[in-house]
file entry_35.cif (mmCIF, C-alpha atoms (C1' of nucleotides))
data_work
#
loop_
_atom_site.group_PDB
_atom_site.id
_atom_site.type_symbol
_atom_site.label_atom_id
_atom_site.label_comp_id
_atom_site.auth_asym_id
_atom_site.auth_seq_id
_atom_site.Cartn_x
_atom_site.Cartn_y
_atom_site.Cartn_z
ATOM 1 C CA MET A 1 10.220 29.653 14.351
ATOM 2 C CA THR A 2 10.044 31.636 11.160
ATOM 3 C CA ASP A 3 7.899 31.073 8.075
ATOM 4 C CA GLN A 4 10.866 29.504 6.317
ATOM 5 C CA ARG A 5 11.629 27.068 9.106
ATOM 6 C CA ARG A 6 8.016 26.127 9.430
ATOM 7 C CA ALA A 7 7.804 25.512 5.697
ATOM 8 C CA VAL A 8 10.965 23.405 5.643
ATOM 9 C CA TYR A 9 9.713 21.418 8.601
ATOM 10 C CA ASP A 10 6.316 20.876 6.988
ATOM 11 C CA VAL A 11 7.924 19.738 3.753
ATOM 12 C CA LEU A 12 10.112 17.246 5.622
ATOM 13 C CA MET A 13 7.206 15.844 7.560
ATOM 14 C CA GLY A 14 4.822 15.949 4.623
ATOM 15 C CA LYS A 15 6.593 13.325 2.591
ATOM 16 C CA ARG A 16 8.490 10.978 4.800
ATOM 17 C CA ASP A 17 11.315 10.154 2.479
ATOM 18 C CA HIS A 18 14.961 11.232 2.483
ATOM 19 C CA PRO A 19 15.278 14.359 0.370
ATOM 20 C CA THR A 20 18.480 16.226 -0.318
ATOM 21 C CA ALA A 21 18.724 19.917 0.504
ATOM 22 C CA VAL A 22 18.012 20.739 -3.132
ATOM 23 C CA GLU A 23 14.928 18.541 -3.136
ATOM 24 C CA VAL A 24 13.668 20.240 -0.001
ATOM 25 C CA PHE A 25 14.422 23.544 -1.693
ATOM 26 C CA THR A 26 12.313 22.799 -4.757
ATOM 27 C CA ARG A 27 9.457 21.463 -2.652
ATOM 28 C CA VAL A 28 9.437 24.350 -0.228
ATOM 29 C CA ARG A 29 9.462 26.947 -2.962
ATOM 30 C CA ASP A 30 5.845 26.109 -3.685
ATOM 31 C CA LYS A 31 4.972 27.557 -0.316
ATOM 32 C CA VAL A 32 7.636 30.223 0.088
ATOM 33 C CA PRO A 33 8.744 31.110 -3.441
ATOM 34 C CA SER A 34 11.322 33.617 -2.275
ATOM 35 C CA ILE A 35 13.267 31.185 -0.101
ATOM 36 C CA SER A 36 16.910 30.683 -0.951
ATOM 37 C CA LEU A 37 18.917 27.482 -0.964
ATOM 38 C CA ALA A 38 21.206 28.852 1.735
ATOM 39 C CA THR A 39 18.203 29.395 3.956
ATOM 40 C CA VAL A 40 17.079 25.840 3.345
ATOM 41 C CA TYR A 41 20.508 24.669 4.462
ATOM 42 C CA ASN A 42 20.268 26.891 7.524
ATOM 43 C CA CYS A 43 16.809 25.664 8.415
ATOM 44 C CA LEU A 44 17.771 22.029 7.964
ATOM 45 C CA GLU A 45 20.760 22.559 10.215
ATOM 46 C CA THR A 46 18.597 24.245 12.812
ATOM 47 C CA LEU A 47 16.070 21.423 12.685
ATOM 48 C CA THR A 48 18.698 18.733 13.064
ATOM 49 C CA ASP A 49 20.318 20.667 15.909
ATOM 50 C CA CYS A 50 16.936 20.730 17.640
ATOM 51 C CA GLY A 51 16.599 17.013 17.085
ATOM 52 C CA LEU A 52 13.603 17.387 14.774
ATOM 53 C CA ALA A 53 15.359 15.721 11.878
ATOM 54 C CA LYS A 54 18.400 13.614 11.187
ATOM 55 C CA THR A 55 20.979 13.674 8.472
ATOM 56 C CA VAL A 56 21.702 10.627 6.389
ATOM 57 C CA THR A 57 24.588 10.356 4.014
ATOM 58 C CA ASP A 58 25.130 7.657 1.479
ATOM 59 C CA GLU A 59 28.855 7.642 0.932
ATOM 60 C CA ARG A 60 29.834 10.659 -1.097
ATOM 61 C CA GLY A 61 26.466 11.824 -2.312
ATOM 62 C CA PRO A 62 24.689 14.926 -1.110
ATOM 63 C CA ALA A 63 23.409 14.951 2.462
ATOM 64 C CA ARG A 64 19.879 13.691 2.920
ATOM 65 C CA TYR A 65 17.468 14.545 5.658
ATOM 66 C CA CYS A 66 15.264 12.136 7.543
ATOM 67 C CA PRO A 67 12.177 13.090 9.529
ATOM 68 C CA ASN A 68 11.922 9.692 11.207
ATOM 69 C CA LEU A 69 12.990 10.174 14.805
ATOM 70 C CA ASP A 70 12.536 6.561 15.895
ATOM 71 C CA GLU A 71 15.673 4.498 16.126
ATOM 72 C CA HIS A 72 16.171 2.876 12.777
ATOM 73 C CA ALA A 73 18.758 1.894 10.235
ATOM 74 C CA HIS A 74 18.936 2.889 6.583
ATOM 75 C CA PHE A 75 18.929 0.791 3.488
ATOM 76 C CA PHE A 76 20.520 2.161 0.322
ATOM 77 C CA CYS A 77 19.732 0.599 -3.034
ATOM 78 C CA GLN A 78 22.958 0.346 -4.993
ATOM 79 C CA THR A 79 21.060 0.489 -8.263
ATOM 80 C CA CYS A 80 18.562 3.318 -7.962
ATOM 81 C CA GLY A 81 19.874 5.027 -4.853
ATOM 82 C CA ILE A 82 16.602 4.985 -2.969
ATOM 83 C CA VAL A 83 16.855 5.188 0.805
ATOM 84 C CA ALA A 84 14.540 3.200 3.056
ATOM 85 C CA ASP A 85 14.097 3.064 6.804
ATOM 86 C CA ILE A 86 14.668 -0.256 8.546
ATOM 87 C CA PRO A 87 12.904 -0.329 11.901
ATOM 88 C CA LEU A 88 14.457 -1.759 15.019
ATOM 89 C CA ARG A 89 12.684 -4.869 16.210
ATOM 90 C CA SER A 90 12.929 -4.092 19.864
ATOM 91 C CA ARG A 91 14.759 -1.663 22.048
ATOM 92 C CA ARG A 92 18.312 -2.755 22.572
ATOM 93 C CA HIS A 93 21.389 -1.003 23.789
ATOM 94 C CA PRO A 94 24.344 -0.965 21.432
ATOM 95 C CA GLN A 95 26.262 -2.828 24.128
ATOM 96 C CA ASP A 96 23.667 -5.541 23.914
ATOM 97 C CA VAL A 97 24.334 -6.018 20.234
ATOM 98 C CA TRP A 98 28.050 -5.289 19.810
ATOM 99 C CA GLU A 99 31.089 -5.681 21.921
ATOM 100 C CA PHE A 100 33.479 -2.737 22.041
ATOM 101 C CA PRO A 101 36.242 -1.366 24.273
ATOM 102 C CA LYS A 102 34.587 0.038 27.397
ATOM 103 C CA SER A 103 37.039 2.942 27.384
ATOM 104 C CA LEU A 104 35.108 4.535 24.555
ATOM 105 C CA THR A 105 32.209 6.817 25.338
ATOM 106 C CA ILE A 106 29.582 5.940 22.783
ATOM 107 C CA LEU A 107 27.090 8.730 22.219
ATOM 108 C CA ARG A 108 25.338 7.446 19.169
ATOM 109 C CA HIS A 109 25.608 4.772 16.573
ATOM 110 C CA GLU A 110 24.469 4.248 13.067
ATOM 111 C CA VAL A 111 23.725 1.173 11.023
ATOM 112 C CA SER A 112 23.296 1.069 7.295
ATOM 113 C CA PHE A 113 22.653 -1.655 4.788
ATOM 114 C CA ARG A 114 23.366 -1.703 1.115
ATOM 115 C CA GLY A 115 21.843 -3.897 -1.511
ATOM 116 C CA VAL A 116 19.129 -4.013 -4.124
ATOM 117 C CA CYS A 117 15.558 -2.898 -3.633
ATOM 118 C CA PRO A 118 12.661 -5.082 -4.844
ATOM 119 C CA LYS A 119 11.921 -2.802 -7.770
ATOM 120 C CA CYS A 120 15.475 -2.946 -9.114
ATOM 121 C CA ALA A 121 15.707 -6.673 -8.427
ATOM 122 C CA ALA A 122 12.602 -7.200 -10.558
ATOM 123 C CA LYS A 123 14.050 -5.096 -13.346
ATOM 124 C CA THR A 124 17.308 -7.024 -13.545
ATOM 125 C CA LYS A 125 15.384 -10.264 -13.484
ATOM 126 C CA ALA A 126 13.213 -9.076 -16.358
ATOM 127 C CA ALA A 127 16.285 -7.931 -18.296
ATOM 128 C CA LYS A 128 17.895 -11.342 -17.886
ATOM 129 C CA ARG A 129 14.895 -13.072 -19.381
ATOM 130 C CA ASN A 130 15.373 -11.198 -22.671
ATOM 131 C CA MET B 131 49.915 -2.778 -11.332
ATOM 132 C CA THR B 132 51.771 0.455 -11.982
ATOM 133 C CA ASP B 133 54.355 2.215 -9.818
ATOM 134 C CA GLN B 134 51.722 4.681 -8.678
ATOM 135 C CA ARG B 135 49.269 2.011 -7.608
ATOM 136 C CA ARG B 136 51.939 0.083 -5.835
ATOM 137 C CA ALA B 137 53.053 3.225 -4.013
ATOM 138 C CA VAL B 138 49.515 4.138 -2.982
ATOM 139 C CA TYR B 139 48.936 0.605 -1.801
ATOM 140 C CA ASP B 140 52.178 0.575 0.179
ATOM 141 C CA VAL B 141 51.337 3.900 1.792
ATOM 142 C CA LEU B 142 47.924 2.641 2.828
ATOM 143 C CA MET B 143 49.318 -0.545 4.272
ATOM 144 C CA GLY B 144 52.335 1.140 5.796
ATOM 145 C CA LYS B 145 50.427 3.153 8.330
ATOM 146 C CA ARG B 146 47.188 1.506 9.230
ATOM 147 C CA ASP B 147 45.134 4.562 9.902
ATOM 148 C CA HIS B 148 42.378 6.251 7.912
ATOM 149 C CA PRO B 149 43.952 8.881 5.678
ATOM 150 C CA THR B 150 42.094 11.150 3.302
ATOM 151 C CA ALA B 151 43.026 11.222 -0.369
ATOM 152 C CA VAL B 152 45.099 14.343 0.233
ATOM 153 C CA GLU B 153 46.939 12.683 3.106
ATOM 154 C CA VAL B 154 47.712 9.703 0.922
ATOM 155 C CA PHE B 155 48.821 12.139 -1.748
ATOM 156 C CA THR B 156 51.330 13.888 0.522
ATOM 157 C CA ARG B 157 52.656 10.595 1.838
ATOM 158 C CA VAL B 158 53.021 8.968 -1.531
ATOM 159 C CA ARG B 159 54.849 11.928 -3.023
ATOM 160 C CA ASP B 160 57.894 10.940 -1.021
ATOM 161 C CA LYS B 161 58.154 7.850 -3.165
ATOM 162 C CA VAL B 162 56.723 9.077 -6.450
ATOM 163 C CA PRO B 163 57.195 12.853 -6.460
ATOM 164 C CA SER B 164 55.545 13.322 -9.828
ATOM 165 C CA ILE B 165 52.258 11.714 -8.836
ATOM 166 C CA SER B 166 49.147 13.839 -9.177
ATOM 167 C CA LEU B 167 46.187 14.042 -6.838
ATOM 168 C CA ALA B 168 43.872 12.814 -9.565
ATOM 169 C CA THR B 169 46.006 9.712 -9.902
ATOM 170 C CA VAL B 170 45.809 9.131 -6.170
ATOM 171 C CA TYR B 171 42.025 9.285 -6.441
ATOM 172 C CA ASN B 172 42.137 6.868 -9.354
ATOM 173 C CA CYS B 173 44.419 4.452 -7.555
ATOM 174 C CA LEU B 174 42.339 4.540 -4.408
ATOM 175 C CA GLU B 175 39.238 3.823 -6.450
ATOM 176 C CA THR B 176 40.969 0.947 -8.188
ATOM 177 C CA LEU B 177 42.125 -0.492 -4.882
ATOM 178 C CA THR B 178 38.691 -0.284 -3.323
ATOM 179 C CA ASP B 179 37.154 -1.807 -6.440
ATOM 180 C CA CYS B 180 39.578 -4.699 -6.099
ATOM 181 C CA GLY B 181 38.624 -5.067 -2.458
ATOM 182 C CA LEU B 182 42.095 -4.115 -1.222
ATOM 183 C CA ALA B 183 40.819 -1.129 0.712
ATOM 184 C CA LYS B 184 37.584 0.305 1.955
ATOM 185 C CA THR B 185 36.210 3.800 2.055
ATOM 186 C CA VAL B 186 35.055 5.358 5.278
ATOM 187 C CA THR B 187 33.161 8.586 5.475
ATOM 188 C CA ASP B 188 32.471 10.570 8.573
ATOM 189 C CA GLU B 189 29.401 12.561 7.703
ATOM 190 C CA ARG B 190 30.337 15.372 5.340
ATOM 191 C CA GLY B 191 34.089 15.308 5.682
ATOM 192 C CA PRO B 192 36.457 14.110 2.990
ATOM 193 C CA ALA B 193 36.471 10.411 2.202
ATOM 194 C CA ARG B 194 38.900 8.319 4.168
ATOM 195 C CA TYR B 195 40.472 5.063 3.182
ATOM 196 C CA CYS B 196 40.872 2.020 5.352
ATOM 197 C CA PRO B 197 43.306 -0.828 4.716
ATOM 198 C CA ASN B 198 41.703 -3.098 7.318
ATOM 199 C CA LEU B 199 39.843 -5.790 5.430
ATOM 200 C CA ASP B 200 38.537 -7.653 8.463
ATOM 201 C CA GLU B 201 34.951 -7.062 9.379
ATOM 202 C CA HIS B 202 34.903 -4.126 11.717
ATOM 203 C CA ALA B 203 33.029 -0.998 12.643
ATOM 204 C CA HIS B 204 34.371 2.526 12.884
ATOM 205 C CA PHE B 205 34.465 4.822 15.832
ATOM 206 C CA PHE B 206 34.642 8.576 15.265
ATOM 207 C CA CYS B 207 35.714 10.816 18.100
ATOM 208 C CA GLN B 208 33.559 13.922 18.051
ATOM 209 C CA THR B 209 36.267 15.930 19.756
ATOM 210 C CA CYS B 210 39.485 15.158 17.923
ATOM 211 C CA GLY B 211 38.062 13.476 14.840
ATOM 212 C CA ILE B 212 40.203 10.387 15.110
ATOM 213 C CA VAL B 213 38.865 7.270 13.440
ATOM 214 C CA ALA B 214 39.380 3.919 15.120
ATOM 215 C CA ASP B 215 38.591 0.397 14.044
ATOM 216 C CA ILE B 216 36.318 -1.566 16.291
ATOM 217 C CA PRO B 217 36.499 -5.306 15.790
ATOM 218 C CA LEU B 218 32.892 -6.106 15.196
ATOM 219 C CA ARG B 219 31.790 -8.899 17.401
ATOM 220 C CA SER B 220 28.097 -8.902 16.924
ATOM 221 C CA ARG B 221 26.128 -10.807 19.485
ATOM 222 C CA ARG B 222 23.142 -11.107 17.225
ATOM 223 C CA HIS B 223 22.241 -11.633 13.615
ATOM 224 C CA PRO B 224 21.053 -8.520 11.824
ATOM 225 C CA GLN B 225 17.737 -10.222 11.158
ATOM 226 C CA ASP B 226 17.331 -10.633 14.872
ATOM 227 C CA VAL B 227 17.761 -6.938 15.497
ATOM 228 C CA TRP B 228 16.339 -5.271 12.426
ATOM 229 C CA GLU B 229 13.083 -5.798 10.675
ATOM 230 C CA PHE B 230 13.812 -6.188 6.977
ATOM 231 C CA PRO B 231 11.157 -6.415 4.351
ATOM 232 C CA LYS B 232 12.193 -9.823 3.028
ATOM 233 C CA SER B 233 12.050 -8.390 -0.469
ATOM 234 C CA LEU B 234 15.303 -6.501 0.099
ATOM 235 C CA THR B 235 18.540 -8.041 -1.065
ATOM 236 C CA ILE B 236 21.127 -7.118 1.540
ATOM 237 C CA LEU B 237 24.669 -7.212 0.220
ATOM 238 C CA ARG B 238 26.599 -5.515 2.963
ATOM 239 C CA HIS B 239 26.146 -3.556 6.122
ATOM 240 C CA GLU B 240 28.074 -0.989 8.014
ATOM 241 C CA VAL B 241 28.156 0.066 11.625
ATOM 242 C CA SER B 242 29.641 3.238 13.003
ATOM 243 C CA PHE B 243 29.842 4.752 16.423
ATOM 244 C CA ARG B 244 30.325 8.337 17.470
ATOM 245 C CA GLY B 245 31.480 9.548 20.832
ATOM 246 C CA VAL B 246 34.567 10.523 22.744
ATOM 247 C CA CYS B 247 37.854 8.657 22.683
ATOM 248 C CA PRO B 248 39.700 7.878 25.935
ATOM 249 C CA LYS B 249 42.321 10.538 25.266
ATOM 250 C CA CYS B 250 39.782 13.322 24.816
ATOM 251 C CA ALA B 251 37.704 12.075 27.733
ATOM 252 C CA ALA B 252 40.777 12.343 29.965
ATOM 253 C CA LYS B 253 41.435 15.864 28.731
ATOM 254 C CA THR B 254 37.946 17.135 29.497
ATOM 255 C CA LYS B 255 38.090 15.499 32.903
ATOM 256 C CA ALA B 256 41.404 17.199 33.615
ATOM 257 C CA ALA B 257 39.993 20.525 32.426
ATOM 258 C CA LYS B 258 36.999 20.193 34.749
ATOM 259 C CA ARG B 259 39.252 19.677 37.742
ATOM 260 C CA ASN B 260 40.803 23.122 37.219
ATOM 261 C "C1'" DA C 261 64.221 -5.789 -29.216
ATOM 262 C "C1'" DA C 262 61.028 -2.854 -31.631
ATOM 263 C "C1'" DC C 263 56.143 -2.263 -32.115
ATOM 264 C "C1'" DC C 264 51.353 -1.728 -30.941
ATOM 265 C "C1'" DT C 265 47.277 -0.807 -28.350
ATOM 266 C "C1'" DA C 266 44.664 -0.175 -24.456
ATOM 267 C "C1'" DA C 267 45.114 1.639 -20.102
ATOM 268 C "C1'" DA C 268 47.025 4.891 -16.894
ATOM 269 C "C1'" DT C 269 49.005 9.322 -15.850
ATOM 270 C "C1'" DA C 270 49.834 14.542 -14.986
ATOM 271 C "C1'" DG C 271 48.008 18.764 -14.952
ATOM 272 C "C1'" DG C 272 44.581 21.634 -14.805
ATOM 273 C "C1'" DA C 273 39.764 22.911 -15.641
ATOM 274 C "C1'" DA C 274 35.169 21.989 -14.345
ATOM 275 C "C1'" DT C 275 31.547 20.374 -11.344
ATOM 276 C "C1'" DT C 276 29.188 19.477 -7.166
ATOM 277 C "C1'" DG C 277 27.595 20.249 -2.680
ATOM 278 C "C1'" DT C 278 28.007 23.261 1.023
ATOM 279 C "C1'" DT C 279 29.355 27.308 3.660
ATOM 280 C "C1'" DC C 280 30.375 32.089 4.081
ATOM 281 C "C1'" DT C 281 29.722 37.087 3.411
ATOM 282 C "C1'" DT C 282 27.087 41.108 2.963
ATOM 283 C "C1'" DG C 283 23.520 44.096 3.257
ATOM 284 C "C1'" DA C 284 18.619 44.149 3.935
ATOM 285 C "C1'" DT C 285 14.671 42.868 6.775
ATOM 286 C "C1'" DA C 286 12.179 41.315 10.504
ATOM 287 C "C1'" DT C 287 11.354 40.529 15.526
ATOM 288 C "C1'" DG C 288 11.324 41.546 20.247
ATOM 289 C "C1'" DA C 289 12.864 44.208 24.286
ATOM 290 C "C1'" DA C 290 13.702 48.583 26.557
ATOM 291 C "C1'" DT D 291 10.723 54.789 18.729
ATOM 292 C "C1'" DT D 292 15.147 52.937 19.212
ATOM 293 C "C1'" DC D 293 18.184 49.492 19.669
ATOM 294 C "C1'" DA D 294 19.977 44.721 19.644
ATOM 295 C "C1'" DT D 295 19.694 40.346 17.818
ATOM 296 C "C1'" DA D 296 18.493 36.972 14.631
ATOM 297 C "C1'" DT D 297 17.187 35.634 10.118
ATOM 298 C "C1'" DC D 298 17.034 36.112 5.388
ATOM 299 C "C1'" DA D 299 18.264 36.362 0.045
ATOM 300 C "C1'" DA D 300 21.650 36.498 -3.179
ATOM 301 C "C1'" DG D 301 25.566 35.297 -4.789
ATOM 302 C "C1'" DA D 302 30.583 34.658 -4.008
ATOM 303 C "C1'" DA D 303 33.757 31.526 -2.076
ATOM 304 C "C1'" DC D 304 35.216 27.195 -0.796
ATOM 305 C "C1'" DA D 305 36.486 22.205 -0.477
ATOM 306 C "C1'" DA D 306 36.316 17.746 -2.291
ATOM 307 C "C1'" DT D 307 35.989 15.257 -6.177
ATOM 308 C "C1'" DT D 308 35.521 14.264 -11.043
ATOM 309 C "C1'" DC D 309 36.340 15.181 -15.738
ATOM 310 C "C1'" DC D 310 39.138 16.299 -19.821
ATOM 311 C "C1'" DT D 311 42.999 15.942 -22.908
ATOM 312 C "C1'" DA D 312 47.471 15.266 -24.411
ATOM 313 C "C1'" DT D 313 51.178 12.357 -23.174
ATOM 314 C "C1'" DT D 314 53.264 8.307 -21.282
ATOM 315 C "C1'" DT D 315 53.432 3.663 -19.931
ATOM 316 C "C1'" DA D 316 52.643 -1.412 -19.357
ATOM 317 C "C1'" DG D 317 52.866 -5.435 -21.161
ATOM 318 C "C1'" DG D 318 51.520 -8.497 -24.865
ATOM 319 C "C1'" DT D 319 52.712 -9.559 -29.927
ATOM 320 C "C1'" DT D 320 55.368 -9.878 -33.514
#
call {"tool": "encode", "arguments": {"input": "entry_35.cif", "output": "structure tokens"}}
result
Amino acid sequence: MTDQRRAVYDVLMGKRDHPTAVEVFTRVRDKVPSISLATVYNCLETLTDCGLAKTVTDERGPARYCPNLDEHAHFFCQTCGIVADIPLRSRRHPQDVWEFPKSLTILRHEVSFRGVCPKCAAKTKAAKRN
Amino acid sequence: MTDQRRAVYDVLMGKRDHPTAVEVFTRVRDKVPSISLATVYNCLETLTDCGLAKTVTDERGPARYCPNLDEHAHFFCQTCGIVADIPLRSRRHPQDVWEFPKSLTILRHEVSFRGVCPKCAAKTKAAKRN
DNA sequence: AACCTAAATAGGAATTGTTCTTGATATGAA
DNA sequence: TTCATATCAAGAACAATTCCTATTTAGGTT
């Protein structure tokens, strides 16, 4: 655990959103001004390999990193692009929710929702009134 | 509907797998040798906008395109990278499984699984026996 | 059938996000 | 100390995609 990794980890945990590598980079530079973007990528990879963070990708955009280790889904706002965590109501096995060929070895699964966040919904509503 | 779009559409429908743009490009050149990669990208975007195809992305790899319009999930084999459609028979409503802030407008959702396909599972088993 | 206009195309340059390479630096073991 | 190993910074390289521009085409209108 080097200074850089510690700093990247702290930044991820400090603001529990879903920053891109570049966003992590700009945040972490406040603490370790000499850090390079490549190192941020390396640290993020190391952290995800250790299971301390997860990657989230919204279609073709840049990879985002998620410090929330609980099982959860992601919501992507189609308008502003914000990413939100959707918690699981109760512990369920994938097999309990979906039916799939038993010949497949399922190691992990991922659920994502797309739509409009409250803020953007309010904006479009306000725009329509004009 | 231009020749190029028709050709891209036919290629997608002709082999119901999950090709990348470049794979579509190489396949479609047999029919329309003068087509350019940029045009393939354009056509694929047009088709997905029309709802005639879907995009599938496995983490950070190139985008893949899926001609299967039925509701289904995707399975990604971690070993060989193959993408398979999983008919999505959900046993529960999303609201029953996930806890949504009711302020979110959900327009669509996506489920993907990662693991090992039967073929690769057999291979590793065979390798272990040696 | 010739004409017109908006849309689509080919080709290549540019951009974006990420990974790789290299040499320097640090860390820990012998 | 000396060596081996891992990490780092900096920037080049890379892959996937998008953008740009001149040219061509589709398809509706005379």
call {"tool": "resolve_selection", "arguments": {"input": "entry_35.cif", "expression": "the PyMOL selection byres ((chain B) within 10 of (chain C))", "output": "list in words"}}
result
Met131, Thr132, Gln134, Arg135, Ser164, Ile165, Ser166, Leu167, Ala168, Thr169, Asn172, Cys173 and Arg190 of chain B
call {"tool": "interface_residues", "arguments": {"input": "entry_35.cif", "of": "chain D", "to": "chain B", "cutoff": "12 Å", "atoms": "only C-alpha atoms (C1' of nucleotides)", "output": "VMD selection string"}}
result
chain D and resid 305 to 310 315 to 317
call {"tool": "write_last_selection", "arguments": {"input": "entry_35.cif", "atoms": "C-alpha atoms (C1' of nucleotides)", "output": "PDB file, in the coordinates of the input"}}
result
ATOM      1  C1'  DA D 305      36.486  22.205  -0.477  1.00  0.00           C
ATOM      2  C1'  DA D 306      36.316  17.746  -2.291  1.00  0.00           C
ATOM      3  C1'  DT D 307      35.989  15.257  -6.177  1.00  0.00           C
ATOM      4  C1'  DT D 308      35.521  14.264 -11.043  1.00  0.00           C
ATOM      5  C1'  DC D 309      36.340  15.181 -15.738  1.00  0.00           C
ATOM      6  C1'  DC D 310      39.138  16.299 -19.821  1.00  0.00           C
ATOM      7  C1'  DT D 315      53.432   3.663 -19.931  1.00  0.00           C
ATOM      8  C1'  DA D 316      52.643  -1.412 -19.357  1.00  0.00           C
ATOM      9  C1'  DG D 317      52.866  -5.435 -21.161  1.00  0.00           C
TER      10       DG D 317
END
call {"tool": "resolve_selection", "arguments": {"input": "entry_35.cif", "expression": "the PyMOL selection byres ((chain B) within 12 of (chain A))", "output": "PDB file with C-alpha atoms, in the frame of the given file"}}
result
ATOM      1  CA  LYS B 184      37.584   0.305   1.955  1.00  0.00           C
ATOM      2  CA  THR B 185      36.210   3.800   2.055  1.00  0.00           C
ATOM      3  CA  VAL B 186      35.055   5.358   5.278  1.00  0.00           C
ATOM      4  CA  THR B 187      33.161   8.586   5.475  1.00  0.00           C
ATOM      5  CA  ASP B 188      32.471  10.570   8.573  1.00  0.00           C
ATOM      6  CA  GLU B 189      29.401  12.561   7.703  1.00  0.00           C
ATOM      7  CA  ARG B 190      30.337  15.372   5.340  1.00  0.00           C
ATOM      8  CA  GLY B 191      34.089  15.308   5.682  1.00  0.00           C
ATOM      9  CA  PRO B 192      36.457  14.110   2.990  1.00  0.00           C
ATOM     10  CA  ALA B 193      36.471  10.411   2.202  1.00  0.00           C
ATOM     11  CA  ARG B 194      38.900   8.319   4.168  1.00  0.00           C
ATOM     12  CA  HIS B 202      34.903  -4.126  11.717  1.00  0.00           C
ATOM     13  CA  ALA B 203      33.029  -0.998  12.643  1.00  0.00           C
ATOM     14  CA  HIS B 204      34.371   2.526  12.884  1.00  0.00           C
ATOM     15  CA  PHE B 205      34.465   4.822  15.832  1.00  0.00           C
ATOM     16  CA  PHE B 206      34.642   8.576  15.265  1.00  0.00           C
ATOM     17  CA  CYS B 207      35.714  10.816  18.100  1.00  0.00           C
ATOM     18  CA  GLN B 208      33.559  13.922  18.051  1.00  0.00           C
ATOM     19  CA  THR B 209      36.267  15.930  19.756  1.00  0.00           C
ATOM     20  CA  ALA B 214      39.380   3.919  15.120  1.00  0.00           C
ATOM     21  CA  ASP B 215      38.591   0.397  14.044  1.00  0.00           C
ATOM     22  CA  ILE B 216      36.318  -1.566  16.291  1.00  0.00           C
ATOM     23  CA  PRO B 217      36.499  -5.306  15.790  1.00  0.00           C
ATOM     24  CA  LEU B 218      32.892  -6.106  15.196  1.00  0.00           C
ATOM     25  CA  ARG B 219      31.790  -8.899  17.401  1.00  0.00           C
ATOM     26  CA  SER B 220      28.097  -8.902  16.924  1.00  0.00           C
ATOM     27  CA  ARG B 221      26.128 -10.807  19.485  1.00  0.00           C
ATOM     28  CA  ARG B 222      23.142 -11.107  17.225  1.00  0.00           C
ATOM     29  CA  HIS B 223      22.241 -11.633  13.615  1.00  0.00           C
ATOM     30  CA  PRO B 224      21.053  -8.520  11.824  1.00  0.00           C
ATOM     31  CA  GLN B 225      17.737 -10.222  11.158  1.00  0.00           C
ATOM     32  CA  ASP B 226      17.331 -10.633  14.872  1.00  0.00           C
ATOM     33  CA  VAL B 227      17.761  -6.938  15.497  1.00  0.00           C
ATOM     34  CA  TRP B 228      16.339  -5.271  12.426  1.00  0.00           C
ATOM     35  CA  GLU B 229      13.083  -5.798  10.675  1.00  0.00           C
ATOM     36  CA  PHE B 230      13.812  -6.188   6.977  1.00  0.00           C
ATOM     37  CA  PRO B 231      11.157  -6.415   4.351  1.00  0.00           C
ATOM     38  CA  LYS B 232      12.193  -9.823   3.028  1.00  0.00           C
ATOM     39  CA  SER B 233      12.050  -8.390  -0.469  1.00  0.00           C
ATOM     40  CA  LEU B 234      15.303  -6.501   0.099  1.00  0.00           C
ATOM     41  CA  THR B 235      18.540  -8.041  -1.065  1.00  0.00           C
ATOM     42  CA  ILE B 236      21.127  -7.118   1.540  1.00  0.00           C
ATOM     43  CA  LEU B 237      24.669  -7.212   0.220  1.00  0.00           C
ATOM     44  CA  ARG B 238      26.599  -5.515   2.963  1.00  0.00           C
ATOM     45  CA  HIS B 239      26.146  -3.556   6.122  1.00  0.00           C
ATOM     46  CA  GLU B 240      28.074  -0.989   8.014  1.00  0.00           C
ATOM     47  CA  VAL B 241      28.156   0.066  11.625  1.00  0.00           C
ATOM     48  CA  SER B 242      29.641   3.238  13.003  1.00  0.00           C
ATOM     49  CA  PHE B 243      29.842   4.752  16.423  1.00  0.00           C
ATOM     50  CA  ARG B 244      30.325   8.337  17.470  1.00  0.00           C
ATOM     51  CA  GLY B 245      31.480   9.548  20.832  1.00  0.00           C
ATOM     52  CA  VAL B 246      34.567  10.523  22.744  1.00  0.00           C
ATOM     53  CA  CYS B 247      37.854   8.657  22.683  1.00  0.00           C
ATOM     54  CA  PRO B 248      39.700   7.878  25.935  1.00  0.00           C
ATOM     55  CA  LYS B 249      42.321  10.538  25.266  1.00  0.00           C
ATOM     56  CA  CYS B 250      39.782  13.322  24.816  1.00  0.00           C
ATOM     57  CA  ALA B 251      37.704  12.075  27.733  1.00  0.00           C
ATOM     58  CA  ALA B 252      40.777  12.343  29.965  1.00  0.00           C
TER      59      ALA B 252
END
call {"tool": "atom_distance", "arguments": {"input": "entry_35.cif", "atom1": "CA of Val83 (chain A)", "atom2": "CA of Val11 (chain A)"}}
result
17.3 Å
call {"tool": "atom_distance", "arguments": {"input": "entry_35.cif", "atom1": "CA of Ala183 (chain B)", "atom2": "CA of Val154 (chain B)"}}
result
12.8 Å
call {"tool": "atom_distance", "arguments": {"input": "entry_35.cif", "atom1": "C1' of DT314 (chain D)", "atom2": "CA of Val158 (chain B)"}}
result
19.8 Å
call {"tool": "resolve_selection", "arguments": {"input": "entry_35.cif", "expression": "the PyMOL selection byres ((chain B and resi 198) around 8)", "output": "PyMOL selection string"}}
result
chain B and resi 146+183-184+196-197+199-200
call {"tool": "axis_aligned_box", "arguments": {"input": "entry_35.cif", "around": "region 296-308 of chain D", "padding_each_side": "6 Å", "output": "JSON"}}
result
{"center_x": 26.8, "center_y": 25.6, "center_z": 1.8, "size_x": 31.5, "size_y": 34.7, "size_z": 37.7}
